[in-house]
Structures are given as structure tokens and as C-alpha cells.
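*Asks:* Structure: input.pdb, PDB, N, CA and C atoms.
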```
ATOM      1  N   MET A   1      -4.674  -3.514 -12.690
ATOM      2  CA  MET A   1      -3.336  -3.531 -12.138
ATOM      3  C   MET A   1      -2.639  -2.255 -12.557
ATOM      4  N   ALA A   2      -2.160  -1.511 -11.594
ATOM      5  CA  ALA A   2      -1.405  -0.301 -11.879
ATOM      6  C   ALA A   2       0.072  -0.639 -11.820
ATOM      7  N   GLN A   3       0.793  -0.250 -12.815
ATOM      8  CA  GLN A   3       2.227  -0.482 -12.832
ATOM      9  C   GLN A   3       2.933   0.854 -12.871
ATOM     10  N   HIS A   4       3.949   0.979 -12.041
ATOM     11  CA  HIS A   4       4.710   2.204 -11.970
ATOM     12  C   HIS A   4       6.178   1.819 -12.028
ATOM     13  N   HIS A   5       6.877   2.283 -13.005
ATOM     14  CA  HIS A   5       8.290   1.979 -13.153
ATOM     15  C   HIS A   5       9.060   3.285 -12.986
ATOM     16  N   THR A   6       9.855   3.375 -11.941
ATOM     17  CA  THR A   6      10.655   4.563 -11.725
ATOM     18  C   THR A   6      12.100   4.120 -11.579
ATOM     19  N   ILE A   7      12.927   4.559 -12.466
ATOM     20  CA  ILE A   7      14.340   4.231 -12.382
ATOM     21  C   ILE A   7      15.111   5.542 -12.369
ATOM     22  N   SER A   8      15.739   5.808 -11.265
ATOM     23  CA  SER A   8      16.553   7.004 -11.126
ATOM     24  C   SER A   8      17.964   6.522 -10.863
ATOM     25  N   GLY A   9      18.812   6.627 -11.841
ATOM     26  CA  GLY A   9      20.149   6.089 -11.679
ATOM     27  C   GLY A   9      20.079   4.580 -11.656
ATOM     28  N   LEU A  10      20.596   3.998 -10.599
ATOM     29  CA  LEU A  10      20.645   2.541 -10.512
ATOM     30  C   LEU A  10      19.682   1.963  -9.491
ATOM     31  N   VAL A  11      18.957   2.802  -8.771
ATOM     32  CA  VAL A  11      18.009   2.334  -7.759
ATOM     33  C   VAL A  11      16.607   2.561  -8.275
ATOM     34  N   GLY A  12      15.727   1.584  -8.089
ATOM     35  CA  GLY A  12      14.385   1.720  -8.612
ATOM     36  C   GLY A  12      13.338   1.181  -7.676
ATOM     37  N   LYS A  13      12.108   1.443  -8.049
ATOM     38  CA  LYS A  13      10.967   0.984  -7.270
ATOM     39  C   LYS A  13       9.901   0.515  -8.243
ATOM     40  N   LEU A  14       9.386  -0.682  -8.017
ATOM     41  CA  LEU A  14       8.305  -1.233  -8.814
ATOM     42  C   LEU A  14       7.083  -1.351  -7.921
ATOM     43  N   VAL A  15       5.932  -0.931  -8.420
ATOM     44  CA  VAL A  15       4.706  -0.946  -7.629
ATOM     45  C   VAL A  15       3.604  -1.617  -8.426
ATOM     46  N   THR A  16       2.838  -2.469  -7.766
ATOM     47  CA  THR A  16       1.660  -3.068  -8.371
ATOM     48  C   THR A  16       0.531  -3.031  -7.345
ATOM     49  N   GLU A  17      -0.677  -2.908  -7.807
ATOM     50  CA  GLU A  17      -1.831  -2.870  -6.924
ATOM     51  C   GLU A  17      -2.827  -3.930  -7.363
ATOM     52  N   SER A  18      -3.472  -4.532  -6.368
ATOM     53  CA  SER A  18      -4.511  -5.522  -6.631
ATOM     54  C   SER A  18      -5.654  -5.300  -5.675
ATOM     55  N   GLU A  19      -6.848  -5.489  -6.173
ATOM     56  CA  GLU A  19      -8.019  -5.422  -5.313
ATOM     57  C   GLU A  19      -8.281  -6.809  -4.770
ATOM     58  N   VAL A  20      -8.521  -6.896  -3.483
ATOM     59  CA  VAL A  20      -8.806  -8.183  -2.858
ATOM     60  C   VAL A  20     -10.177  -8.130  -2.208
ATOM     61  N   ASN A  21     -10.789  -9.288  -2.065
ATOM     62  CA  ASN A  21     -12.148  -9.383  -1.545
ATOM     63  C   ASN A  21     -12.217 -10.002  -0.162
ATOM     64  N   CYS A  22     -11.086 -10.354   0.391
ATOM     65  CA  CYS A  22     -11.065 -11.049   1.675
ATOM     66  C   CYS A  22     -10.394 -10.182   2.732
ATOM     67  N   SER A  23     -10.516 -10.611   3.949
ATOM     68  CA  SER A  23      -9.995  -9.878   5.096
ATOM     69  C   SER A  23      -8.476  -9.697   5.046
ATOM     70  N   ALA A  24      -8.032  -8.473   5.326
ATOM     71  CA  ALA A  24      -6.591  -8.195   5.398
ATOM     72  C   ALA A  24      -5.966  -8.998   6.533
ATOM     73  N   ASP A  25      -6.733  -9.252   7.588
ATOM     74  CA  ASP A  25      -6.230 -10.059   8.695
ATOM     75  C   ASP A  25      -5.895 -11.476   8.261
ATOM     76  N   LYS A  26      -6.678 -12.021   7.335
ATOM     77  CA  LYS A  26      -6.404 -13.374   6.817
ATOM     78  C   LYS A  26      -5.088 -13.386   6.031
ATOM     79  N   TYR A  27      -4.878 -12.356   5.193
ATOM     80  CA  TYR A  27      -3.616 -12.252   4.454
ATOM     81  C   TYR A  27      -2.442 -12.170   5.424
ATOM     82  N   TYR A  28      -2.555 -11.263   6.375
ATOM     83  CA  TYR A  28      -1.495 -11.077   7.357
ATOM     84  C   TYR A  28      -1.210 -12.384   8.093
ATOM     85  N   GLY A  29      -2.270 -13.067   8.506
ATOM     86  CA  GLY A  29      -2.115 -14.315   9.243
ATOM     87  C   GLY A  29      -1.384 -15.380   8.451
ATOM     88  N   ILE A  30      -1.702 -15.507   7.180
ATOM     89  CA  ILE A  30      -1.029 -16.522   6.357
ATOM     90  C   ILE A  30       0.452 -16.221   6.217
ATOM     91  N   PHE A  31       0.811 -14.961   5.999
ATOM     92  CA  PHE A  31       2.234 -14.622   5.870
ATOM     93  C   PHE A  31       2.946 -14.657   7.213
ATOM     94  N   LYS A  32       2.277 -14.254   8.287
ATOM     95  CA  LYS A  32       2.901 -14.282   9.606
ATOM     96  C   LYS A  32       3.135 -15.713  10.064
ATOM     97  N   GLN A  33       2.099 -16.532   9.993
ATOM     98  CA  GLN A  33       2.220 -17.914  10.444
ATOM     99  C   GLN A  33       2.988 -18.765   9.438
ATOM    100  N   HIS A  34       2.927 -18.412   8.184
ATOM    101  CA  HIS A  34       3.628 -18.981   7.031
ATOM    102  C   HIS A  34       3.445 -20.477   6.782
ATOM    103  N   VAL A  35       2.812 -21.201   7.684
ATOM    104  CA  VAL A  35       2.694 -22.653   7.499
ATOM    105  C   VAL A  35       1.710 -23.027   6.400
ATOM    106  N   ASP A  36       0.706 -22.198   6.157
ATOM    107  CA  ASP A  36      -0.292 -22.513   5.131
ATOM    108  C   ASP A  36       0.035 -21.942   3.758
ATOM    109  N   ILE A  37       1.104 -21.205   3.628
ATOM    110  CA  ILE A  37       1.401 -20.540   2.353
ATOM    111  C   ILE A  37       1.657 -21.560   1.242
ATOM    112  N   ARG A  38       2.343 -22.647   1.558
ATOM    113  CA  ARG A  38       2.599 -23.675   0.538
ATOM    114  C   ARG A  38       1.325 -24.397   0.159
ATOM    115  N   LYS A  39       0.411 -24.561   1.102
ATOM    116  CA  LYS A  39      -0.874 -25.192   0.810
ATOM    117  C   LYS A  39      -1.751 -24.251  -0.021
ATOM    118  N   ALA A  40      -1.679 -22.968   0.282
ATOM    119  CA  ALA A  40      -2.520 -21.980  -0.393
ATOM    120  C   ALA A  40      -2.088 -21.729  -1.830
ATOM    121  N   ILE A  41      -0.801 -21.532  -2.035
ATOM    122  CA  ILE A  41      -0.303 -21.221  -3.390
ATOM    123  C   ILE A  41       1.023 -21.953  -3.648
ATOM    124  N   PRO A  42       0.958 -23.291  -3.747
ATOM    125  CA  PRO A  42       2.183 -24.091  -3.911
ATOM    126  C   PRO A  42       2.893 -23.858  -5.239
ATOM    127  N   HIS A  43       2.179 -23.364  -6.228
ATOM    128  CA  HIS A  43       2.796 -23.091  -7.528
ATOM    129  C   HIS A  43       3.619 -21.798  -7.505
ATOM    130  N   ILE A  44       3.547 -21.059  -6.395
ATOM    131  CA  ILE A  44       4.305 -19.822  -6.254
ATOM    132  C   ILE A  44       5.361 -19.957  -5.159
ATOM    133  N   PHE A  45       4.934 -20.369  -3.953
ATOM    134  CA  PHE A  45       5.878 -20.549  -2.844
ATOM    135  C   PHE A  45       6.103 -22.035  -2.629
ATOM    136  N   THR A  46       7.360 -22.447  -2.704
ATOM    137  CA  THR A  46       7.687 -23.862  -2.560
ATOM    138  C   THR A  46       8.150 -24.219  -1.151
ATOM    139  N   ALA A  47       8.620 -23.225  -0.391
ATOM    140  CA  ALA A  47       9.066 -23.470   0.985
ATOM    141  C   ALA A  47       9.233 -22.145   1.713
ATOM    142  N   VAL A  48       9.105 -22.222   3.028
ATOM    143  CA  VAL A  48       9.377 -21.084   3.904
ATOM    144  C   VAL A  48      10.122 -21.637   5.103
ATOM    145  N   LYS A  49      11.231 -20.989   5.440
ATOM    146  CA  LYS A  49      12.041 -21.453   6.561
ATOM    147  C   LYS A  49      12.425 -20.251   7.422
ATOM    148  N   VAL A  50      12.266 -20.376   8.719
ATOM    149  CA  VAL A  50      12.686 -19.332   9.645
ATOM    150  C   VAL A  50      14.190 -19.462   9.827
ATOM    151  N   THR A  51      14.926 -18.392   9.537
ATOM    152  CA  THR A  51      16.385 -18.428   9.665
ATOM    153  C   THR A  51      16.887 -17.692  10.899
ATOM    154  N   GLU A  52      16.076 -16.780  11.437
ATOM    155  CA  GLU A  52      16.434 -16.063  12.670
ATOM    156  C   GLU A  52      15.159 -15.786  13.454
ATOM    157  N   GLY A  53      15.233 -15.966  14.764
ATOM    158  CA  GLY A  53      14.109 -15.626  15.614
ATOM    159  C   GLY A  53      13.095 -16.739  15.756
ATOM    160  N   HIS A  54      11.944 -16.382  16.307
ATOM    161  CA  HIS A  54      10.894 -17.340  16.644
ATOM    162  C   HIS A  54      10.070 -17.767  15.438
ATOM    163  N   GLY A  55       9.871 -16.883  14.500
ATOM    164  CA  GLY A  55       9.093 -17.225  13.317
ATOM    165  C   GLY A  55       7.817 -16.439  13.178
ATOM    166  N   THR A  56       7.288 -15.948  14.291
ATOM    167  CA  THR A  56       6.069 -15.147  14.218
ATOM    168  C   THR A  56       6.247 -13.776  14.858
ATOM    169  N   THR A  57       7.462 -13.464  15.300
ATOM    170  CA  THR A  57       7.723 -12.165  15.908
ATOM    171  C   THR A  57       8.245 -11.187  14.860
ATOM    172  N   SER A  58       8.169  -9.916  15.176
ATOM    173  CA  SER A  58       8.587  -8.900  14.209
ATOM    174  C   SER A  58      10.085  -8.927  13.932
ATOM    175  N   ALA A  59      10.863  -9.506  14.796
ATOM    176  CA  ALA A  59      12.309  -9.535  14.596
ATOM    177  C   ALA A  59      12.788 -10.785  13.859
ATOM    178  N   CYS A  60      11.890 -11.669  13.490
ATOM    179  CA  CYS A  60      12.313 -12.897  12.823
ATOM    180  C   CYS A  60      12.671 -12.629  11.361
ATOM    181  N   VAL A  61      13.468 -13.527  10.816
ATOM    182  CA  VAL A  61      13.848 -13.474   9.402
ATOM    183  C   VAL A  61      13.442 -14.802   8.790
ATOM    184  N   LYS A  62      12.756 -14.728   7.650
ATOM    185  CA  LYS A  62      12.306 -15.940   6.963
ATOM    186  C   LYS A  62      12.922 -16.001   5.574
ATOM    187  N   GLN A  63      13.239 -17.196   5.162
ATOM    188  CA  GLN A  63      13.689 -17.438   3.792
ATOM    189  C   GLN A  63      12.502 -17.982   3.017
ATOM    190  N   TRP A  64      12.112 -17.295   1.946
ATOM    191  CA  TRP A  64      10.975 -17.685   1.122
ATOM    192  C   TRP A  64      11.514 -18.259  -0.179
ATOM    193  N   ASP A  65      11.199 -19.518  -0.459
ATOM    194  CA  ASP A  65      11.571 -20.140  -1.728
ATOM    195  C   ASP A  65      10.358 -20.032  -2.642
ATOM    196  N   TYR A  66      10.553 -19.542  -3.838
ATOM    197  CA  TYR A  66       9.433 -19.279  -4.728
ATOM    198  C   TYR A  66       9.835 -19.492  -6.175
ATOM    199  N   ILE A  67       8.847 -19.432  -7.051
ATOM    200  CA  ILE A  67       9.068 -19.630  -8.476
ATOM    201  C   ILE A  67       8.669 -18.352  -9.209
ATOM    202  N   VAL A  68       9.621 -17.793  -9.969
ATOM    203  CA  VAL A  68       9.362 -16.612 -10.803
ATOM    204  C   VAL A  68       9.772 -16.958 -12.222
ATOM    205  N   GLU A  69       8.821 -16.808 -13.143
ATOM    206  CA  GLU A  69       9.089 -17.093 -14.555
ATOM    207  C   GLU A  69       9.693 -18.493 -14.730
ATOM    208  N   GLY A  70       9.173 -19.459 -13.983
ATOM    209  CA  GLY A  70       9.616 -20.842 -14.124
ATOM    210  C   GLY A  70      10.932 -21.175 -13.448
ATOM    211  N   LYS A  71      11.553 -20.210 -12.759
ATOM    212  CA  LYS A  71      12.837 -20.442 -12.105
ATOM    213  C   LYS A  71      12.655 -20.438 -10.591
ATOM    214  N   ASN A  72      13.261 -21.430  -9.915
ATOM    215  CA  ASN A  72      13.242 -21.463  -8.447
ATOM    216  C   ASN A  72      14.205 -20.422  -7.914
ATOM    217  N   GLU A  73      13.747 -19.631  -6.959
ATOM    218  CA  GLU A  73      14.569 -18.605  -6.341
ATOM    219  C   GLU A  73      14.284 -18.588  -4.858
ATOM    220  N   LEU A  74      15.112 -17.892  -4.101
ATOM    221  CA  LEU A  74      14.842 -17.716  -2.687
ATOM    222  C   LEU A  74      15.194 -16.296  -2.300
ATOM    223  N   VAL A  75      14.547 -15.818  -1.240
ATOM    224  CA  VAL A  75      14.754 -14.435  -0.831
ATOM    225  C   VAL A  75      14.497 -14.289   0.662
ATOM    226  N   HIS A  76      15.230 -13.349   1.339
ATOM    227  CA  HIS A  76      14.958 -12.924   2.716
ATOM    228  C   HIS A  76      14.208 -11.571   2.628
ATOM    229  N   THR A  77      14.720 -10.588   1.770
ATOM    230  CA  THR A  77      14.030  -9.311   1.589
ATOM    231  C   THR A  77      14.158  -8.935   0.151
ATOM    232  N   ILE A  78      13.102  -8.255  -0.363
ATOM    233  CA  ILE A  78      13.177  -7.991  -1.808
ATOM    234  C   ILE A  78      13.491  -6.522  -2.008
ATOM    235  N   GLU A  79      14.687  -6.285  -2.435
ATOM    236  CA  GLU A  79      15.132  -4.957  -2.845
ATOM    237  C   GLU A  79      16.041  -5.182  -4.037
ATOM    238  N   TYR A  80      16.176  -4.168  -4.868
ATOM    239  CA  TYR A  80      17.105  -4.345  -5.968
ATOM    240  C   TYR A  80      17.848  -3.064  -6.261
ATOM    241  N   GLU A  81      19.020  -3.259  -6.803
ATOM    242  CA  GLU A  81      19.821  -2.161  -7.303
ATOM    243  C   GLU A  81      20.481  -2.662  -8.580
ATOM    244  N   LYS A  82      20.347  -1.882  -9.622
ATOM    245  CA  LYS A  82      20.911  -2.290 -10.904
ATOM    246  C   LYS A  82      22.433  -2.221 -10.856
ATOM    247  N   ILE A  83      23.064  -3.158 -11.527
ATOM    248  CA  ILE A  83      24.519  -3.181 -11.587
ATOM    249  C   ILE A  83      25.039  -1.992 -12.386
ATOM    250  N   ASN A  84      24.348  -1.703 -13.469
ATOM    251  CA  ASN A  84      24.667  -0.524 -14.267
ATOM    252  C   ASN A  84      23.395  -0.057 -14.958
ATOM    253  N   LYS A  85      23.439   1.081 -15.633
ATOM    254  CA  LYS A  85      22.217   1.662 -16.204
ATOM    255  C   LYS A  85      21.599   0.802 -17.295
ATOM    256  N   ASP A  86      22.362  -0.116 -17.885
ATOM    257  CA  ASP A  86      21.841  -0.993 -18.930
ATOM    258  C   ASP A  86      21.274  -2.301 -18.399
ATOM    259  N   SER A  87      21.383  -2.528 -17.101
ATOM    260  CA  SER A  87      20.823  -3.740 -16.502
ATOM    261  C   SER A  87      19.302  -3.708 -16.604
ATOM    262  N   PRO A  88      18.673  -4.861 -16.817
ATOM    263  CA  PRO A  88      17.210  -4.876 -16.940
ATOM    264  C   PRO A  88      16.517  -4.604 -15.605
ATOM    265  N   VAL A  89      15.363  -3.999 -15.689
ATOM    266  CA  VAL A  89      14.515  -3.789 -14.518
ATOM    267  C   VAL A  89      13.805  -5.117 -14.237
ATOM    268  N   PRO A  90      13.749  -5.568 -12.992
ATOM    269  CA  PRO A  90      13.157  -6.883 -12.680
ATOM    270  C   PRO A  90      11.630  -6.871 -12.705
ATOM    271  N   VAL A  91      11.050  -6.597 -13.854
ATOM    272  CA  VAL A  91       9.591  -6.516 -13.973
ATOM    273  C   VAL A  91       8.908  -7.871 -13.815
ATOM    274  N   ASP A  92       9.635  -8.970 -13.932
ATOM    275  CA  ASP A  92       9.046 -10.293 -13.718
ATOM    276  C   ASP A  92       8.423 -10.382 -12.324
ATOM    277  N   TYR A  93       8.990  -9.648 -11.378
ATOM    278  CA  TYR A  93       8.472  -9.691 -10.018
ATOM    279  C   TYR A  93       7.093  -9.054  -9.894
ATOM    280  N   LEU A  94       6.753  -8.122 -10.764
ATOM    281  CA  LEU A  94       5.406  -7.549 -10.740
ATOM    282  C   LEU A  94       4.363  -8.638 -10.986
ATOM    283  N   GLY A  95       4.593  -9.449 -11.998
ATOM    284  CA  GLY A  95       3.688 -10.561 -12.289
ATOM    285  C   GLY A  95       3.662 -11.574 -11.169
ATOM    286  N   PHE A  96       4.816 -11.826 -10.588
ATOM    287  CA  PHE A  96       4.919 -12.760  -9.469
ATOM    288  C   PHE A  96       4.045 -12.304  -8.302
ATOM    289  N   PHE A  97       4.204 -11.053  -7.887
ATOM    290  CA  PHE A  97       3.419 -10.554  -6.767
ATOM    291  C   PHE A  97       1.942 -10.440  -7.114
ATOM    292  N   GLN A  98       1.649 -10.066  -8.337
ATOM    293  CA  GLN A  98       0.251  -9.988  -8.776
ATOM    294  C   GLN A  98      -0.406 -11.365  -8.678
ATOM    295  N   SER A  99       0.275 -12.380  -9.169
ATOM    296  CA  SER A  99      -0.256 -13.751  -9.086
ATOM    297  C   SER A  99      -0.398 -14.209  -7.647
ATOM    298  N   ALA A 100       0.603 -13.918  -6.822
ATOM    299  CA  ALA A 100       0.552 -14.325  -5.419
ATOM    300  C   ALA A 100      -0.649 -13.695  -4.718
ATOM    301  N   ILE A 101      -0.873 -12.414  -4.937
ATOM    302  CA  ILE A 101      -1.990 -11.714  -4.295
ATOM    303  C   ILE A 101      -3.325 -12.263  -4.795
ATOM    304  N   GLU A 102      -3.476 -12.391  -6.100
ATOM    305  CA  GLU A 102      -4.746 -12.857  -6.660
ATOM    306  C   GLU A 102      -5.039 -14.307  -6.286
ATOM    307  N   ASP A 103      -4.035 -15.168  -6.362
ATOM    308  CA  ASP A 103      -4.251 -16.575  -6.039
ATOM    309  C   ASP A 103      -4.496 -16.775  -4.544
ATOM    310  N   LEU A 104      -3.815 -16.001  -3.714
ATOM    311  CA  LEU A 104      -4.059 -16.085  -2.282
ATOM    312  C   LEU A 104      -5.456 -15.566  -1.953
ATOM    313  N   ASN A 105      -5.891 -14.533  -2.652
ATOM    314  CA  ASN A 105      -7.250 -14.012  -2.488
ATOM    315  C   ASN A 105      -8.270 -15.113  -2.792
ATOM    316  N   SER A 106      -8.077 -15.816  -3.889
ATOM    317  CA  SER A 106      -9.002 -16.906  -4.261
ATOM    318  C   SER A 106      -9.001 -18.004  -3.201
ATOM    319  N   TYR A 107      -7.835 -18.349  -2.712
ATOM    320  CA  TYR A 107      -7.722 -19.400  -1.687
ATOM    321  C   TYR A 107      -8.451 -18.994  -0.410
ATOM    322  N   ILE A 108      -8.204 -17.782   0.059
ATOM    323  CA  ILE A 108      -8.828 -17.322   1.304
ATOM    324  C   ILE A 108     -10.335 -17.221   1.151
ATOM    325  N   CYS A 109     -10.798 -16.639   0.056
ATOM    326  CA  CYS A 109     -12.243 -16.488  -0.166
ATOM    327  C   CYS A 109     -12.931 -17.849  -0.253
ATOM    328  N   ALA A 110     -12.293 -18.826  -0.889
ATOM    329  CA  ALA A 110     -12.884 -20.151  -1.025
ATOM    330  C   ALA A 110     -12.958 -20.881   0.317
ATOM    331  N   SER A 111     -12.061 -20.548   1.241
ATOM    332  CA  SER A 111     -12.045 -21.236   2.526
ATOM    333  C   SER A 111     -12.921 -20.558   3.582
ATOM    334  N   GLN A 112     -13.558 -19.443   3.226
ATOM    335  CA  GLN A 112     -14.431 -18.751   4.197
ATOM    336  C   GLN A 112     -15.843 -19.245   4.114
TER     337      GLN A 112
END
```
What's the C-alpha cells form of this structure?
*Replies:*
Amino acid sequence: MAQHHTISGLVGKLVTESEVNCSADKYYGIFKQHVDIRKAIPHIFTAVKVTEGHGTTSACVKQWDYIVEGKNELVHTIEYEKINKDSPVPVDYLGFFQSAIEDLNSYICASQ
């Protein structure tokens, strides 16, 4: 896992990389269709709801309910800006995405 922490002022970018063994099309399909995401990794995503659009089109907006560090949260898009320079960097999300990618990889590979 490569971690890159860049904080310039109050805007930052966190990057993580994972190697996967399954088809990228399968990953895309699960997130696009979103109906199997709770079945695939229920300990990470607890619900997905379409809030705008059809649900599978590029213009749709989805609300993703998930668990990070034991706390239930929800999100439409993940971006962050620190309130001030002393605000913590949201590194918990690196572990969250790493787990989501690895666990989804295991689920997809096991179902092939």
C-alpha cells in the first residue's frame, strides 16, 4: 500500500493503491449497479440510495452509507478541506478505502 499525504494550506489529497486480481469491469459493475455492494462488503457499506437521476447513468447521484473507524457515516462525494491548519488529516479514509478494495477483490474472486 502506497500512502501519499500532501497538505498544502488547507486543501489536501490522500492516495492509496491496491493490487487487485479480478476484472476491473466487475468492480465497475458492482459500484455502478450498487445493488450487490451491501452483499459483497456489508461490514463497510450499510446502504446505497439513489438521490438524483436513474441510478446507473453518469448524471446520477448516490448516497453511500458506510462505516469508518466504527462510526456510521454517509457521503455523496468525498472531498475534504481542513477548517484550519491544525485540523487533522482524514487518514482514517485511507484504511477504509483499502479495506473496501481488498474485501471487494476477495468477494469478486470468490464468486468467479
*Asks:* Contacts between segment 85-98 of chain A and segment 4-79 of chain A, please, where a residue of segment 4-79 of chain A counts if it comes within 8 Å (with all atoms listed in the file); show its shortest atom pair and distance in Å to one decimal, rows by chain and ascending number, as a Markdown table.
*Replies:*
```
| residue | atom | partner | partner_atom | distance |
| --- | --- | --- | --- | --- |
| A:Gly9 | C | A:Lys85 | CA | 5.8 |
| A:Leu10 | CA | A:Lys85 | CA | 6.0 |
| A:Leu14 | C | A:Leu94 | CA | 7.0 |
| A:Val15 | C | A:Leu94 | CA | 6.6 |
| A:Thr16 | CA | A:Leu94 | CA | 6.3 |
| A:Glu17 | C | A:Gln98 | CA | 6.9 |
| A:Ser18 | CA | A:Gln98 | CA | 6.9 |
| A:Ile44 | CA | A:Phe96 | CA | 7.8 |
| A:Ile67 | C | A:Phe96 | CA | 6.7 |
| A:Val68 | CA | A:Phe96 | CA | 6.0 |
| A:Glu69 | N | A:Asp92 | C | 6.5 |
```
*Asks:* Could you go through chain A and tell me which residues DSSP, when run on the backbone, assigns to strand (DSSP E or B), listing them as a tab-separated table (two decimals) with N, CA and C atoms, keeping the file's coordinate frame?
*Replies:*
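Result file follows (part-v3.tsv):
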```
chain	number	residue	atom	x	y	z
A	3	GLN	N	0.79	-0.25	-12.82
A	3	GLN	CA	2.23	-0.48	-12.83
A	3	GLN	C	2.93	0.85	-12.87
A	4	HIS	N	3.95	0.98	-12.04
A	4	HIS	CA	4.71	2.20	-11.97
A	4	HIS	C	6.18	1.82	-12.03
A	5	HIS	N	6.88	2.28	-13.00
A	5	HIS	CA	8.29	1.98	-13.15
A	5	HIS	C	9.06	3.28	-12.99
A	6	THR	N	9.86	3.38	-11.94
A	6	THR	CA	10.66	4.56	-11.72
A	6	THR	C	12.10	4.12	-11.58
A	7	ILE	N	12.93	4.56	-12.47
A	7	ILE	CA	14.34	4.23	-12.38
A	7	ILE	C	15.11	5.54	-12.37
A	8	SER	N	15.74	5.81	-11.26
A	8	SER	CA	16.55	7.00	-11.13
A	8	SER	C	17.96	6.52	-10.86
A	11	VAL	N	18.96	2.80	-8.77
A	11	VAL	CA	18.01	2.33	-7.76
A	11	VAL	C	16.61	2.56	-8.28
A	12	GLY	N	15.73	1.58	-8.09
A	12	GLY	CA	14.38	1.72	-8.61
A	12	GLY	C	13.34	1.18	-7.68
A	13	LYS	N	12.11	1.44	-8.05
A	13	LYS	CA	10.97	0.98	-7.27
A	13	LYS	C	9.90	0.52	-8.24
A	14	LEU	N	9.39	-0.68	-8.02
A	14	LEU	CA	8.30	-1.23	-8.81
A	14	LEU	C	7.08	-1.35	-7.92
A	15	VAL	N	5.93	-0.93	-8.42
A	15	VAL	CA	4.71	-0.95	-7.63
A	15	VAL	C	3.60	-1.62	-8.43
A	16	THR	N	2.84	-2.47	-7.77
A	16	THR	CA	1.66	-3.07	-8.37
A	16	THR	C	0.53	-3.03	-7.34
A	45	PHE	N	4.93	-20.37	-3.95
A	45	PHE	CA	5.88	-20.55	-2.84
A	45	PHE	C	6.10	-22.04	-2.63
A	46	THR	N	7.36	-22.45	-2.70
A	46	THR	CA	7.69	-23.86	-2.56
A	46	THR	C	8.15	-24.22	-1.15
A	47	ALA	N	8.62	-23.22	-0.39
A	47	ALA	CA	9.07	-23.47	0.98
A	47	ALA	C	9.23	-22.14	1.71
A	48	VAL	N	9.10	-22.22	3.03
A	48	VAL	CA	9.38	-21.08	3.90
A	48	VAL	C	10.12	-21.64	5.10
A	49	LYS	N	11.23	-20.99	5.44
A	49	LYS	CA	12.04	-21.45	6.56
A	49	LYS	C	12.42	-20.25	7.42
A	50	VAL	N	12.27	-20.38	8.72
A	50	VAL	CA	12.69	-19.33	9.64
A	50	VAL	C	14.19	-19.46	9.83
A	51	THR	N	14.93	-18.39	9.54
A	51	THR	CA	16.39	-18.43	9.66
A	51	THR	C	16.89	-17.69	10.90
A	52	GLU	N	16.08	-16.78	11.44
A	52	GLU	CA	16.43	-16.06	12.67
A	52	GLU	C	15.16	-15.79	13.45
A	61	VAL	N	13.47	-13.53	10.82
A	61	VAL	CA	13.85	-13.47	9.40
A	61	VAL	C	13.44	-14.80	8.79
A	62	LYS	N	12.76	-14.73	7.65
A	62	LYS	CA	12.31	-15.94	6.96
A	62	LYS	C	12.92	-16.00	5.57
A	63	GLN	N	13.24	-17.20	5.16
A	63	GLN	CA	13.69	-17.44	3.79
A	63	GLN	C	12.50	-17.98	3.02
A	64	TRP	N	12.11	-17.30	1.95
A	64	TRP	CA	10.98	-17.68	1.12
A	64	TRP	C	11.51	-18.26	-0.18
A	65	ASP	N	11.20	-19.52	-0.46
A	65	ASP	CA	11.57	-20.14	-1.73
A	65	ASP	C	10.36	-20.03	-2.64
A	66	TYR	N	10.55	-19.54	-3.84
A	66	TYR	CA	9.43	-19.28	-4.73
A	66	TYR	C	9.84	-19.49	-6.18
A	67	ILE	N	8.85	-19.43	-7.05
A	67	ILE	CA	9.07	-19.63	-8.48
A	67	ILE	C	8.67	-18.35	-9.21
A	68	VAL	N	9.62	-17.79	-9.97
A	68	VAL	CA	9.36	-16.61	-10.80
A	68	VAL	C	9.77	-16.96	-12.22
A	71	LYS	N	11.55	-20.21	-12.76
A	71	LYS	CA	12.84	-20.44	-12.10
A	71	LYS	C	12.66	-20.44	-10.59
A	72	ASN	N	13.26	-21.43	-9.91
A	72	ASN	CA	13.24	-21.46	-8.45
A	72	ASN	C	14.20	-20.42	-7.91
A	73	GLU	N	13.75	-19.63	-6.96
A	73	GLU	CA	14.57	-18.60	-6.34
A	73	GLU	C	14.28	-18.59	-4.86
A	74	LEU	N	15.11	-17.89	-4.10
A	74	LEU	CA	14.84	-17.72	-2.69
A	74	LEU	C	15.19	-16.30	-2.30
A	75	VAL	N	14.55	-15.82	-1.24
A	75	VAL	CA	14.75	-14.44	-0.83
A	75	VAL	C	14.50	-14.29	0.66
A	81	GLU	N	19.02	-3.26	-6.80
A	81	GLU	CA	19.82	-2.16	-7.30
A	81	GLU	C	20.48	-2.66	-8.58
```
*Asks:* Calculated over only N, CA and C atoms, which of the candidates A:Ala59, A:Ser106, A:Ser111, A:Gly53 has the smallest distance to Asn21 of chain A?
*Replies:*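 Of A:Ala59, A:Ser106, A:Ser111, A:Gly53, the one nearest Asn21 of chain A is A:Ser106, counting only N, CA and C atoms.
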*Asks:* What parts of segment 20-99 of chain A does DSSP call alpha helix (DSSP H)? I'd like the answer as a list in words.
*Replies:*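 Selection result, alpha helix (DSSP H) within segment 20-99 of chain A: Ala24, Asp25, Lys26, Tyr27, Tyr28, Gly29, Ile30, Phe31, Lys32, Gln33, Ile37, Arg38, Lys39, Ala40, Asp92, Tyr93, Leu94, Gly95, Phe96, Phe97, Gln98 and Ser99 of chain A.
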*Asks:* So how many Å separate atom N of Lys26 of chain A and atom C of Asp65 of chain A, to one decimal?
*Replies:* 21.3 Å
*Asks:* Using all atoms listed in the file, find the one residue out of A:Ala100, A:Val20, A:Val48, A:Ile83 that sits nearest to His34 of chain A.
*Replies:*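 Smallest distance to His34 of chain A is found for A:Val48.
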*Asks:* What's the 8 Å shell around Ser23 of chain A, counting all atoms listed in the file, without same-chain residues fewer than 3 positions away, as a list in words?
*Replies:*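 After dropping sequence-adjacent residues, the list is Val20, Lys26, Tyr27, Tyr28, Gly29, Asn105, Ile108 and Cys109 of chain A.
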*Asks:* Provide the atom N of Phe45 of chain A to atom C of Gly12 of chain A distance in Å, to one decimal place.
*Replies:* 23.4 Å
*Asks:* Between A:Arg38, A:Leu74, A:Glu19, A:Trp64, which residue has the minimum interatomic distance to Val50 of chain A, considering only C-alpha atoms?
*Replies:*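 Between A:Arg38, A:Leu74, A:Glu19, A:Trp64, the residue approaching Val50 of chain A most closely is A:Trp64.
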